[in-house]
$ cat model-v6.pdb   # PDB, C-alpha atoms and all ligand atoms
ATOM      1  CA  MET X   1     -47.420  38.562 131.634  1.00  0.00           C
ATOM      2  CA  SER X   2     -51.156  38.685 131.074  1.00  0.00           C
ATOM      3  CA  GLU X   3     -53.452  35.664 130.824  1.00  0.00           C
ATOM      4  CA  SER X   4     -53.942  36.246 127.114  1.00  0.00           C
ATOM      5  CA  ASP X   5     -50.159  36.020 126.520  1.00  0.00           C
ATOM      6  CA  LYS X   6     -49.993  32.647 128.245  1.00  0.00           C
ATOM      7  CA  SER X   7     -52.687  31.170 126.063  1.00  0.00           C
ATOM      8  CA  MET X   8     -50.758  31.998 122.897  1.00  0.00           C
ATOM      9  CA  HIS X   9     -48.321  29.090 123.400  1.00  0.00           C
ATOM     10  CA  SER X  10     -45.265  30.456 121.699  1.00  0.00           C
ATOM     11  CA  GLY X  11     -42.193  28.239 121.654  1.00  0.00           C
ATOM     12  CA  LEU X  12     -40.666  30.320 124.448  1.00  0.00           C
ATOM     13  CA  LEU X  13     -43.384  29.638 126.942  1.00  0.00           C
ATOM     14  CA  ALA X  14     -43.908  26.202 128.457  1.00  0.00           C
ATOM     15  CA  VAL X  15     -47.349  24.803 127.858  1.00  0.00           C
ATOM     16  CA  GLU X  16     -49.267  24.186 131.034  1.00  0.00           C
ATOM     17  CA  GLY X  17     -49.449  20.497 131.657  1.00  0.00           C
ATOM     18  CA  VAL X  18     -48.946  17.776 134.217  1.00  0.00           C
ATOM     19  CA  TRP X  19     -45.862  15.844 133.131  1.00  0.00           C
ATOM     20  CA  TRP X  20     -43.527  17.561 135.559  1.00  0.00           C
ATOM     21  CA  LYS X  21     -45.800  17.043 138.497  1.00  0.00           C
ATOM     22  CA  ALA X  22     -45.352  14.071 140.805  1.00  0.00           C
ATOM     23  CA  ILE X  23     -46.657  10.766 139.420  1.00  0.00           C
ATOM     24  CA  PRO X  24     -49.895   9.774 141.132  1.00  0.00           C
ATOM     25  CA  LYS X  25     -49.752   6.726 143.402  1.00  0.00           C
ATOM     26  CA  GLN X  26     -51.873   4.504 141.174  1.00  0.00           C
ATOM     27  CA  GLU X  27     -49.765   5.182 138.129  1.00  0.00           C
ATOM     28  CA  LYS X  28     -46.620   4.385 140.105  1.00  0.00           C
ATOM     29  CA  LEU X  29     -48.164   1.115 141.160  1.00  0.00           C
ATOM     30  CA  TRP X  30     -48.984   0.160 137.570  1.00  0.00           C
ATOM     31  CA  ILE X  31     -45.525   1.130 136.350  1.00  0.00           C
ATOM     32  CA  THR X  32     -44.063  -1.107 139.059  1.00  0.00           C
ATOM     33  CA  ILE X  33     -46.340  -4.014 138.167  1.00  0.00           C
ATOM     34  CA  ALA X  34     -45.582  -3.636 134.455  1.00  0.00           C
ATOM     35  CA  PHE X  35     -41.851  -3.474 135.132  1.00  0.00           C
ATOM     36  CA  ILE X  36     -41.895  -6.602 137.308  1.00  0.00           C
ATOM     37  CA  TRP X  37     -43.920  -8.387 134.647  1.00  0.00           C
ATOM     38  CA  CYS X  38     -41.318  -7.408 132.043  1.00  0.00           C
ATOM     39  CA  LEU X  39     -38.592  -8.901 134.228  1.00  0.00           C
ATOM     40  CA  ILE X  40     -40.586 -12.115 134.685  1.00  0.00           C
ATOM     41  CA  LEU X  41     -41.122 -12.472 130.936  1.00  0.00           C
ATOM     42  CA  PHE X  42     -37.466 -11.747 130.312  1.00  0.00           C
ATOM     43  CA  ALA X  43     -36.434 -14.433 132.799  1.00  0.00           C
ATOM     44  CA  MET X  44     -38.889 -16.897 131.258  1.00  0.00           C
ATOM     45  CA  MET X  45     -37.076 -16.878 127.912  1.00  0.00           C
ATOM     46  CA  PRO X  46     -33.927 -18.669 129.127  1.00  0.00           C
ATOM     47  CA  LEU X  47     -35.843 -20.548 131.830  1.00  0.00           C
ATOM     48  CA  TRP X  48     -38.369 -21.972 129.404  1.00  0.00           C
ATOM     49  CA  HIS X  49     -35.627 -22.935 127.029  1.00  0.00           C
ATOM     50  CA  MET X  50     -34.085 -25.070 129.795  1.00  0.00           C
ATOM     51  CA  ARG X  51     -37.269 -26.257 131.519  1.00  0.00           C
ATOM     52  CA  GLY X  52     -40.040 -26.064 128.977  1.00  0.00           C
ATOM     53  CA  GLY X  53     -39.277 -29.365 127.296  1.00  0.00           C
ATOM     54  CA  GLN X  54     -40.436 -27.959 123.987  1.00  0.00           C
ATOM     55  CA  ASN X  55     -37.124 -27.105 122.399  1.00  0.00           C
ATOM     56  CA  PRO X  56     -35.372 -29.820 120.436  1.00  0.00           C
ATOM     57  CA  SER X  57     -32.063 -30.963 121.847  1.00  0.00           C
ATOM     58  CA  GLY X  58     -30.578 -31.759 118.510  1.00  0.00           C
ATOM     59  CA  ILE X  59     -27.267 -32.998 117.288  1.00  0.00           C
ATOM     60  CA  ARG X  60     -26.008 -30.944 114.393  1.00  0.00           C
ATOM     61  CA  ALA X  61     -23.326 -31.845 111.919  1.00  0.00           C
ATOM     62  CA  LYS X  62     -22.226 -30.783 108.471  1.00  0.00           C
ATOM     63  CA  VAL X  63     -22.780 -33.285 105.720  1.00  0.00           C
ATOM     64  CA  THR X  64     -22.714 -33.055 101.951  1.00  0.00           C
ATOM     65  CA  PRO X  65     -26.005 -33.916 100.261  1.00  0.00           C
ATOM     66  CA  ALA X  66     -24.329 -36.861  98.477  1.00  0.00           C
ATOM     67  CA  GLU X  67     -23.003 -38.278 101.743  1.00  0.00           C
ATOM     68  CA  TYR X  68     -26.392 -37.937 103.344  1.00  0.00           C
ATOM     69  CA  VAL X  69     -28.182 -39.671 100.456  1.00  0.00           C
ATOM     70  CA  GLU X  70     -25.679 -42.516 100.762  1.00  0.00           C
ATOM     71  CA  ARG X  71     -26.307 -42.732 104.505  1.00  0.00           C
ATOM     72  CA  VAL X  72     -30.072 -42.887 103.935  1.00  0.00           C
ATOM     73  CA  GLU X  73     -29.648 -45.642 101.333  1.00  0.00           C
ATOM     74  CA  ARG X  74     -27.615 -47.691 103.796  1.00  0.00           C
ATOM     75  CA  PHE X  75     -30.289 -47.176 106.447  1.00  0.00           C
ATOM     76  CA  VAL X  76     -32.988 -48.341 104.006  1.00  0.00           C
ATOM     77  CA  GLU X  77     -30.973 -51.425 103.020  1.00  0.00           C
ATOM     78  CA  ASP X  78     -30.405 -52.378 106.653  1.00  0.00           C
ATOM     79  CA  TYR X  79     -33.965 -52.150 107.922  1.00  0.00           C
ATOM     80  CA  LYS X  80     -36.348 -52.348 104.965  1.00  0.00           C
ATOM     81  CA  VAL X  81     -39.480 -54.392 105.720  1.00  0.00           C
ATOM     82  CA  GLY X  82     -41.743 -53.649 102.786  1.00  0.00           C
ATOM     83  CA  GLU X  83     -42.971 -51.174 100.222  1.00  0.00           C
ATOM     84  CA  ASP X  84     -45.674 -48.572 100.106  1.00  0.00           C
ATOM     85  CA  ASN X  85     -46.520 -46.879  96.796  1.00  0.00           C
ATOM     86  CA  GLY X  86     -43.023 -47.538  95.509  1.00  0.00           C
ATOM     87  CA  PHE X  87     -41.384 -46.200  98.668  1.00  0.00           C
ATOM     88  CA  PRO X  88     -39.459 -48.515 100.966  1.00  0.00           C
ATOM     89  CA  VAL X  89     -40.970 -48.981 104.417  1.00  0.00           C
ATOM     90  CA  VAL X  90     -38.209 -49.036 106.996  1.00  0.00           C
ATOM     91  CA  GLU X  91     -38.503 -50.377 110.522  1.00  0.00           C
ATOM     92  CA  PRO X  92     -35.395 -49.616 112.548  1.00  0.00           C
ATOM     93  CA  PRO X  93     -34.690 -51.207 115.944  1.00  0.00           C
ATOM     94  CA  ALA X  94     -35.170 -49.275 119.192  1.00  0.00           C
ATOM     95  CA  GLY X  95     -32.539 -46.668 119.856  1.00  0.00           C
ATOM     96  CA  ALA X  96     -31.400 -46.620 116.242  1.00  0.00           C
ATOM     97  CA  HIS X  97     -30.335 -43.604 114.266  1.00  0.00           C
ATOM     98  CA  ILE X  98     -33.025 -43.136 111.658  1.00  0.00           C
ATOM     99  CA  TYR X  99     -32.490 -41.179 108.480  1.00  0.00           C
ATOM    100  CA  LEU X 100     -35.105 -39.243 106.610  1.00  0.00           C
ATOM    101  CA  LEU X 101     -34.314 -37.529 103.352  1.00  0.00           C
ATOM    102  CA  ALA X 102     -36.131 -34.536 101.941  1.00  0.00           C
ATOM    103  CA  ARG X 103     -35.822 -33.815  98.244  1.00  0.00           C
ATOM    104  CA  MET X 104     -37.914 -32.317  95.485  1.00  0.00           C
ATOM    105  CA  TRP X 105     -40.620 -33.461  96.082  1.00  0.00           C
ATOM    106  CA  GLN X 106     -40.685 -36.376  98.412  1.00  0.00           C
ATOM    107  CA  TRP X 107     -39.833 -37.638 101.879  1.00  0.00           C
ATOM    108  CA  TYR X 108     -37.793 -40.788 101.704  1.00  0.00           C
ATOM    109  CA  PRO X 109     -38.332 -43.458 103.040  1.00  0.00           C
ATOM    110  CA  VAL X 110     -41.556 -44.349 104.884  1.00  0.00           C
ATOM    111  CA  LEU X 111     -40.725 -44.830 108.565  1.00  0.00           C
ATOM    112  CA  LYS X 112     -42.273 -47.489 110.738  1.00  0.00           C
ATOM    113  CA  LEU X 113     -41.642 -46.809 114.413  1.00  0.00           C
ATOM    114  CA  LYS X 114     -42.719 -48.250 117.740  1.00  0.00           C
ATOM    115  CA  LYS X 115     -44.639 -46.279 120.315  1.00  0.00           C
ATOM    116  CA  ASN X 116     -42.726 -45.278 123.475  1.00  0.00           C
ATOM    117  CA  THR X 117     -39.418 -46.144 121.885  1.00  0.00           C
ATOM    118  CA  LYS X 118     -36.491 -43.796 121.609  1.00  0.00           C
ATOM    119  CA  TYR X 119     -34.811 -43.010 118.302  1.00  0.00           C
ATOM    120  CA  ILE X 120     -32.561 -40.387 116.882  1.00  0.00           C
ATOM    121  CA  LEU X 121     -34.204 -38.940 113.817  1.00  0.00           C
ATOM    122  CA  HIS X 122     -31.833 -37.391 111.297  1.00  0.00           C
ATOM    123  CA  LEU X 123     -33.141 -34.837 108.844  1.00  0.00           C
ATOM    124  CA  SER X 124     -31.422 -33.369 105.841  1.00  0.00           C
ATOM    125  CA  SER X 125     -32.101 -32.368 102.276  1.00  0.00           C
ATOM    126  CA  ALA X 126     -30.586 -33.504  98.999  1.00  0.00           C
ATOM    127  CA  ASP X 127     -31.268 -30.235  97.217  1.00  0.00           C
ATOM    128  CA  ILE X 128     -32.885 -27.132  98.703  1.00  0.00           C
ATOM    129  CA  ASN X 129     -34.581 -26.083 101.928  1.00  0.00           C
ATOM    130  CA  HIS X 130     -37.645 -28.048 102.923  1.00  0.00           C
ATOM    131  CA  GLY X 131     -39.793 -27.961 106.031  1.00  0.00           C
ATOM    132  CA  PHE X 132     -40.585 -30.989 108.141  1.00  0.00           C
ATOM    133  CA  SER X 133     -44.065 -30.753 109.573  1.00  0.00           C
ATOM    134  CA  LEU X 134     -45.661 -33.752 111.237  1.00  0.00           C
ATOM    135  CA  PHE X 135     -49.439 -33.917 110.931  1.00  0.00           C
ATOM    136  CA  PRO X 136     -51.719 -33.859 112.773  1.00  0.00           C
ATOM    137  CA  LEU X 137     -49.180 -33.038 115.486  1.00  0.00           C
ATOM    138  CA  ASN X 138     -47.645 -29.626 115.656  1.00  0.00           C
ATOM    139  CA  LEU X 139     -43.984 -30.457 115.093  1.00  0.00           C
ATOM    140  CA  ASN X 140     -41.951 -28.331 112.716  1.00  0.00           C
ATOM    141  CA  PHE X 141     -38.325 -28.330 111.700  1.00  0.00           C
ATOM    142  CA  GLN X 142     -36.263 -26.785 108.962  1.00  0.00           C
ATOM    143  CA  VAL X 143     -34.585 -29.294 106.697  1.00  0.00           C
ATOM    144  CA  VAL X 144     -31.454 -27.756 105.281  1.00  0.00           C
ATOM    145  CA  PRO X 145     -29.073 -29.179 102.692  1.00  0.00           C
ATOM    146  CA  GLY X 146     -25.529 -29.514 103.999  1.00  0.00           C
ATOM    147  CA  TYR X 147     -26.638 -30.020 107.592  1.00  0.00           C
ATOM    148  CA  ASP X 148     -27.599 -33.205 109.349  1.00  0.00           C
ATOM    149  CA  TYR X 149     -30.012 -32.435 112.139  1.00  0.00           C
ATOM    150  CA  GLY X 150     -30.400 -35.288 114.608  1.00  0.00           C
ATOM    151  CA  LEU X 151     -33.377 -35.103 116.931  1.00  0.00           C
ATOM    152  CA  LYS X 152     -34.060 -37.293 119.938  1.00  0.00           C
ATOM    153  CA  VAL X 153     -37.590 -38.543 119.405  1.00  0.00           C
ATOM    154  CA  GLU X 154     -39.934 -40.869 121.236  1.00  0.00           C
ATOM    155  CA  PRO X 155     -43.335 -41.387 119.579  1.00  0.00           C
ATOM    156  CA  ASN X 156     -46.059 -41.254 122.223  1.00  0.00           C
ATOM    157  CA  GLN X 157     -49.048 -41.929 119.960  1.00  0.00           C
ATOM    158  CA  SER X 158     -49.652 -44.773 117.573  1.00  0.00           C
ATOM    159  CA  GLY X 159     -51.170 -44.175 114.170  1.00  0.00           C
ATOM    160  CA  ASP X 160     -50.532 -43.043 110.673  1.00  0.00           C
ATOM    161  CA  PHE X 161     -48.861 -39.668 110.392  1.00  0.00           C
ATOM    162  CA  ARG X 162     -48.146 -37.478 107.420  1.00  0.00           C
ATOM    163  CA  ILE X 163     -45.047 -35.421 106.889  1.00  0.00           C
ATOM    164  CA  ILE X 164     -45.947 -32.238 105.077  1.00  0.00           C
ATOM    165  CA  CYS X 165     -43.405 -29.897 103.547  1.00  0.00           C
ATOM    166  CA  ASN X 166     -44.015 -26.463 105.019  1.00  0.00           C
ATOM    167  CA  GLU X 167     -41.251 -24.609 103.206  1.00  0.00           C
ATOM    168  CA  PHE X 168     -42.003 -23.553  99.658  1.00  0.00           C
ATOM    169  CA  CYS X 169     -39.691 -25.616  97.466  1.00  0.00           C
ATOM    170  CA  GLY X 170     -40.967 -25.183  93.952  1.00  0.00           C
ATOM    171  CA  ILE X 171     -43.682 -26.374  91.631  1.00  0.00           C
ATOM    172  CA  GLY X 172     -44.229 -29.706  93.395  1.00  0.00           C
ATOM    173  CA  HIS X 173     -44.151 -28.327  96.943  1.00  0.00           C
ATOM    174  CA  HIS X 174     -47.797 -29.137  97.650  1.00  0.00           C
ATOM    175  CA  THR X 175     -47.306 -32.777  96.614  1.00  0.00           C
ATOM    176  CA  MET X 176     -44.411 -33.326  99.002  1.00  0.00           C
ATOM    177  CA  VAL X 177     -46.070 -35.589 101.537  1.00  0.00           C
ATOM    178  CA  GLY X 178     -44.368 -38.380 103.458  1.00  0.00           C
ATOM    179  CA  LYS X 179     -45.474 -40.975 105.936  1.00  0.00           C
ATOM    180  CA  VAL X 180     -44.601 -42.168 109.429  1.00  0.00           C
ATOM    181  CA  ILE X 181     -46.356 -45.198 110.860  1.00  0.00           C
ATOM    182  CA  VAL X 182     -46.261 -45.666 114.626  1.00  0.00           C
ATOM    183  CA  ILE X 183     -47.262 -49.086 115.905  1.00  0.00           C
ATOM    184  CA  ASP X 184     -48.071 -50.133 119.484  1.00  0.00           C
TER
HETATM  185 CU1  LIG E 201     -40.353 -29.370 100.087  1.00  0.00          CU
HETATM  186 CU2  LIG E 201     -41.936 -27.679 100.035  1.00  0.00          CU
END
$ encode --input "model-v6.pdb" --output "structure tokens"
Amino acid sequence: MSESDKSMHSGLLAVEGVWWKAIPKQEKLWITIAFIWCLILFAMMPLWHMRGGQNPSGIRAKVTPAEYVERVERFVEDYKVGEDNGFPVVEPPAGAHIYLLARMWQWYPVLKLKKNTKYILHLSSADINHGFSLFPLNLNFQVVPGYDYGLKVEPNQSGDFRIICNEFCGIGHHTMVGKVIVID
């Protein structure tokens, strides 16, 4: 076969290249490093779930919206301490189960909590999906009708916090703002 035949690159002739030659040392080293890094990242997923302290350890239960609304009303009756813009302000005792209701387009009621005190915060919706987003902190949870999501919480900052709905829920979505007050 002459040189000119080789350069024609028909499908029958293999193109000259390097892929079948031994991998250079440096490339081998980088492949090894990349592979080990992949394994580390893979291991971090379950490890960080257990150790990272950033995943909610929630209690989940099914509940009908009507049952949940009733439960919230009972909670408000038990621990109401005042009013804010027509919304009841509720101050539950330490360790209490606290109930927050999302509905078009409000968060009900206003919660008054103590700093460094443990509570179990229940979230659910009376109608459609909403998103619980605590500002200015970066805390986000889905609020789903039919499910009661109980989160172990312990406020570590005092102040006035806003609950913003971060799940589009219709025409009044942008007005759906609630309040949590944390006192020292
Ligand atoms: Cu509720 Cu958006």
$ resolve_selection --input "model-v6.pdb" --expression "the PyMOL selection byres (((chain X and resi 92) around 6) and not hetatm)" --output "list in words"
Tyr79, Glu91 and Pro93 of chain X
$ closest_residue --input "model-v6.pdb" --among "X:Gly131, X:Pro46, X:Gly178, X:Pro109" --to "ligand LIG 201 (chain E)" --atoms "all atoms listed in the file"
X:Gly131
$ atom_distance --input "model-v6.pdb" --atom1 "CA of Phe161 in chain X" --atom2 "CA of Tyr108 in chain X"
14.1 Å
$ resolve_selection --input "model-v6.pdb" --expression "the PyMOL selection byres (((not hetatm)) within 9 of (chain E and resi 201))" --output "list in words"
Ala102, Arg103, Met104, Trp105, Gln106, Trp107, Ile128, Asn129, His130, Gly131, Phe132, Val143, Ile164, Cys165, Asn166, Glu167, Phe168, Cys169, Gly170, Ile171, Gly172, His173, His174, Thr175, Met176 and Val177 of chain X
$ write_last_selection --input "model-v6.pdb" --atoms "C-alpha atoms" --output "tab-separated table (two decimals), in the coordinates of the input"
chain	number	residue	atom	x	y	z
X	102	ALA	CA	-36.13	-34.54	101.94
X	103	ARG	CA	-35.82	-33.82	98.24
X	104	MET	CA	-37.91	-32.32	95.48
X	105	TRP	CA	-40.62	-33.46	96.08
X	106	GLN	CA	-40.68	-36.38	98.41
X	107	TRP	CA	-39.83	-37.64	101.88
X	128	ILE	CA	-32.88	-27.13	98.70
X	129	ASN	CA	-34.58	-26.08	101.93
X	130	HIS	CA	-37.65	-28.05	102.92
X	131	GLY	CA	-39.79	-27.96	106.03
X	132	PHE	CA	-40.58	-30.99	108.14
X	143	VAL	CA	-34.58	-29.29	106.70
X	164	ILE	CA	-45.95	-32.24	105.08
X	165	CYS	CA	-43.40	-29.90	103.55
X	166	ASN	CA	-44.02	-26.46	105.02
X	167	GLU	CA	-41.25	-24.61	103.21
X	168	PHE	CA	-42.00	-23.55	99.66
X	169	CYS	CA	-39.69	-25.62	97.47
X	170	GLY	CA	-40.97	-25.18	93.95
X	171	ILE	CA	-43.68	-26.37	91.63
X	172	GLY	CA	-44.23	-29.71	93.40
X	173	HIS	CA	-44.15	-28.33	96.94
X	174	HIS	CA	-47.80	-29.14	97.65
X	175	THR	CA	-47.31	-32.78	96.61
X	176	MET	CA	-44.41	-33.33	99.00
X	177	VAL	CA	-46.07	-35.59	101.54
$ residues_around --input "model-v6.pdb" --residues "Asn116 in chain X" --least-positions-apart "6" --cutoff "6 Å" --atoms "all atoms listed in the file" --output "JSON, numbers by chain"
{"X": [154, 155, 156]}
$ write_last_selection --input "model-v6.pdb" --atoms "C-alpha atoms" --output "compact mmCIF listing (two decimals), in the frame of the given file"
# COMPACT_ATOMS: atom_id res chain seq x y z
CA GLU X 154 -39.93 -40.87 121.24
CA PRO X 155 -43.34 -41.39 119.58
CA ASN X 156 -46.06 -41.25 122.22
$ decode --input "model-v6.pdb" --residues "range 20-119 of chain X" --atoms "C-alpha atoms" --output "mmCIF file, in the first residue's frame"
data_model
loop_
_atom_site.group_PDB
_atom_site.id
_atom_site.type_symbol
_atom_site.label_atom_id
_atom_site.label_comp_id
_atom_site.auth_asym_id
_atom_site.auth_seq_id
_atom_site.Cartn_x
_atom_site.Cartn_y
_atom_site.Cartn_z
ATOM 1 C CA TRP X 20 -4.781 2.396 21.047
ATOM 2 C CA LYS X 21 -1.388 3.317 22.357
ATOM 3 C CA ALA X 22 -0.585 3.037 26.050
ATOM 4 C CA ILE X 23 -2.002 5.846 28.207
ATOM 5 C CA PRO X 24 0.744 8.242 29.268
ATOM 6 C CA LYS X 25 1.647 8.262 32.961
ATOM 7 C CA GLN X 26 0.267 11.726 33.663
ATOM 8 C CA GLU X 27 -3.083 10.933 32.138
ATOM 9 C CA LYS X 28 -3.288 7.749 34.199
ATOM 10 C CA LEU X 29 -2.586 9.765 37.303
ATOM 11 C CA TRP X 30 -5.369 12.237 36.521
ATOM 12 C CA ILE X 31 -7.831 9.463 35.722
ATOM 13 C CA THR X 32 -7.003 7.908 39.095
ATOM 14 C CA ILE X 33 -7.413 11.203 40.940
ATOM 15 C CA ALA X 34 -10.711 11.926 39.179
ATOM 16 C CA PHE X 35 -11.996 8.438 39.939
ATOM 17 C CA ILE X 36 -11.097 8.681 43.635
ATOM 18 C CA TRP X 37 -12.753 12.088 43.781
ATOM 19 C CA CYS X 38 -15.907 10.594 42.253
ATOM 20 C CA LEU X 39 -15.931 7.921 44.954
ATOM 21 C CA ILE X 40 -15.472 10.540 47.682
ATOM 22 C CA LEU X 41 -18.357 12.629 46.347
ATOM 23 C CA PHE X 42 -20.502 9.533 46.049
ATOM 24 C CA ALA X 43 -19.767 8.586 49.658
ATOM 25 C CA MET X 44 -20.488 12.141 50.807
ATOM 26 C CA MET X 45 -24.123 11.947 49.696
ATOM 27 C CA PRO X 46 -25.235 9.411 52.328
ATOM 28 C CA LEU X 47 -22.605 10.595 54.816
ATOM 29 C CA TRP X 48 -23.714 14.207 54.654
ATOM 30 C CA HIS X 49 -27.308 13.175 54.980
ATOM 31 C CA MET X 50 -26.445 11.493 58.299
ATOM 32 C CA ARG X 51 -23.773 13.906 59.548
ATOM 33 C CA GLY X 52 -24.389 17.212 57.853
ATOM 34 C CA GLY X 53 -27.088 18.387 60.227
ATOM 35 C CA GLN X 54 -28.797 20.215 57.396
ATOM 36 C CA ASN X 55 -31.517 17.755 56.523
ATOM 37 C CA PRO X 56 -34.777 18.002 58.422
ATOM 38 C CA SER X 57 -35.625 15.026 60.583
ATOM 39 C CA GLY X 58 -39.321 15.390 60.149
ATOM 40 C CA ILE X 59 -42.342 13.507 61.298
ATOM 41 C CA ARG X 60 -44.747 12.897 58.465
ATOM 42 C CA ALA X 61 -48.373 11.934 58.684
ATOM 43 C CA LYS X 62 -51.433 12.025 56.480
ATOM 44 C CA VAL X 63 -54.110 14.470 57.475
ATOM 45 C CA THR X 64 -57.146 15.854 55.707
ATOM 46 C CA PRO X 65 -57.108 19.621 55.223
ATOM 47 C CA ALA X 66 -60.250 19.941 57.388
ATOM 48 C CA GLU X 67 -58.665 17.992 60.238
ATOM 49 C CA TYR X 68 -55.553 20.099 60.037
ATOM 50 C CA VAL X 69 -57.499 23.380 60.082
ATOM 51 C CA GLU X 70 -59.327 22.122 63.168
ATOM 52 C CA ARG X 71 -56.023 21.221 64.819
ATOM 53 C CA VAL X 72 -54.632 24.692 64.091
ATOM 54 C CA GLU X 73 -57.754 26.337 65.537
ATOM 55 C CA ARG X 74 -57.361 24.332 68.735
ATOM 56 C CA PHE X 75 -53.704 25.350 68.935
ATOM 57 C CA VAL X 76 -54.664 29.024 68.507
ATOM 58 C CA GLU X 77 -57.366 28.783 71.187
ATOM 59 C CA ASP X 78 -54.967 27.168 73.649
ATOM 60 C CA TYR X 79 -52.072 29.592 73.381
ATOM 61 C CA LYS X 80 -53.334 32.872 71.926
ATOM 62 C CA VAL X 81 -51.723 35.928 73.545
ATOM 63 C CA GLY X 82 -52.758 38.770 71.279
ATOM 64 C CA GLU X 83 -53.517 39.987 67.793
ATOM 65 C CA ASP X 84 -51.503 41.421 64.970
ATOM 66 C CA ASN X 85 -53.287 42.885 61.935
ATOM 67 C CA GLY X 86 -56.288 40.671 62.570
ATOM 68 C CA PHE X 87 -54.160 37.545 62.966
ATOM 69 C CA PRO X 88 -53.923 35.791 66.314
ATOM 70 C CA VAL X 89 -50.483 35.841 67.919
ATOM 71 C CA VAL X 90 -49.792 32.481 69.505
ATOM 72 C CA GLU X 91 -47.156 31.774 72.125
ATOM 73 C CA PRO X 92 -46.857 28.061 72.809
ATOM 74 C CA PRO X 93 -44.902 26.646 75.766
ATOM 75 C CA ALA X 94 -41.462 25.074 75.315
ATOM 76 C CA GLY X 95 -41.502 21.674 73.702
ATOM 77 C CA ALA X 96 -45.007 22.149 72.341
ATOM 78 C CA HIS X 97 -46.291 20.999 69.000
ATOM 79 C CA ILE X 98 -46.923 24.167 67.045
ATOM 80 C CA TYR X 99 -49.221 24.316 64.059
ATOM 81 C CA LEU X 100 -48.869 26.614 61.113
ATOM 82 C CA LEU X 101 -51.431 26.664 58.354
ATOM 83 C CA ALA X 102 -50.807 27.735 54.789
ATOM 84 C CA ARG X 103 -53.767 28.714 52.654
ATOM 85 C CA MET X 104 -54.530 31.079 49.815
ATOM 86 C CA TRP X 105 -53.004 33.527 50.634
ATOM 87 C CA GLN X 106 -51.909 33.652 54.200
ATOM 88 C CA TRP X 107 -49.877 31.970 56.917
ATOM 89 C CA TYR X 108 -51.950 31.405 59.998
ATOM 90 C CA PRO X 109 -51.355 32.247 62.851
ATOM 91 C CA VAL X 110 -48.481 34.544 63.878
ATOM 92 C CA LEU X 111 -46.041 32.523 65.983
ATOM 93 C CA LYS X 112 -44.250 33.879 69.007
ATOM 94 C CA LEU X 113 -41.381 31.628 70.039
ATOM 95 C CA LYS X 114 -38.540 31.697 72.535
ATOM 96 C CA LYS X 115 -34.910 31.603 71.529
ATOM 97 C CA ASN X 116 -33.015 28.362 72.272
ATOM 98 C CA THR X 117 -36.228 26.500 72.934
ATOM 99 C CA LYS X 118 -37.257 23.320 71.209
ATOM 100 C CA TYR X 119 -40.574 22.957 69.407
#
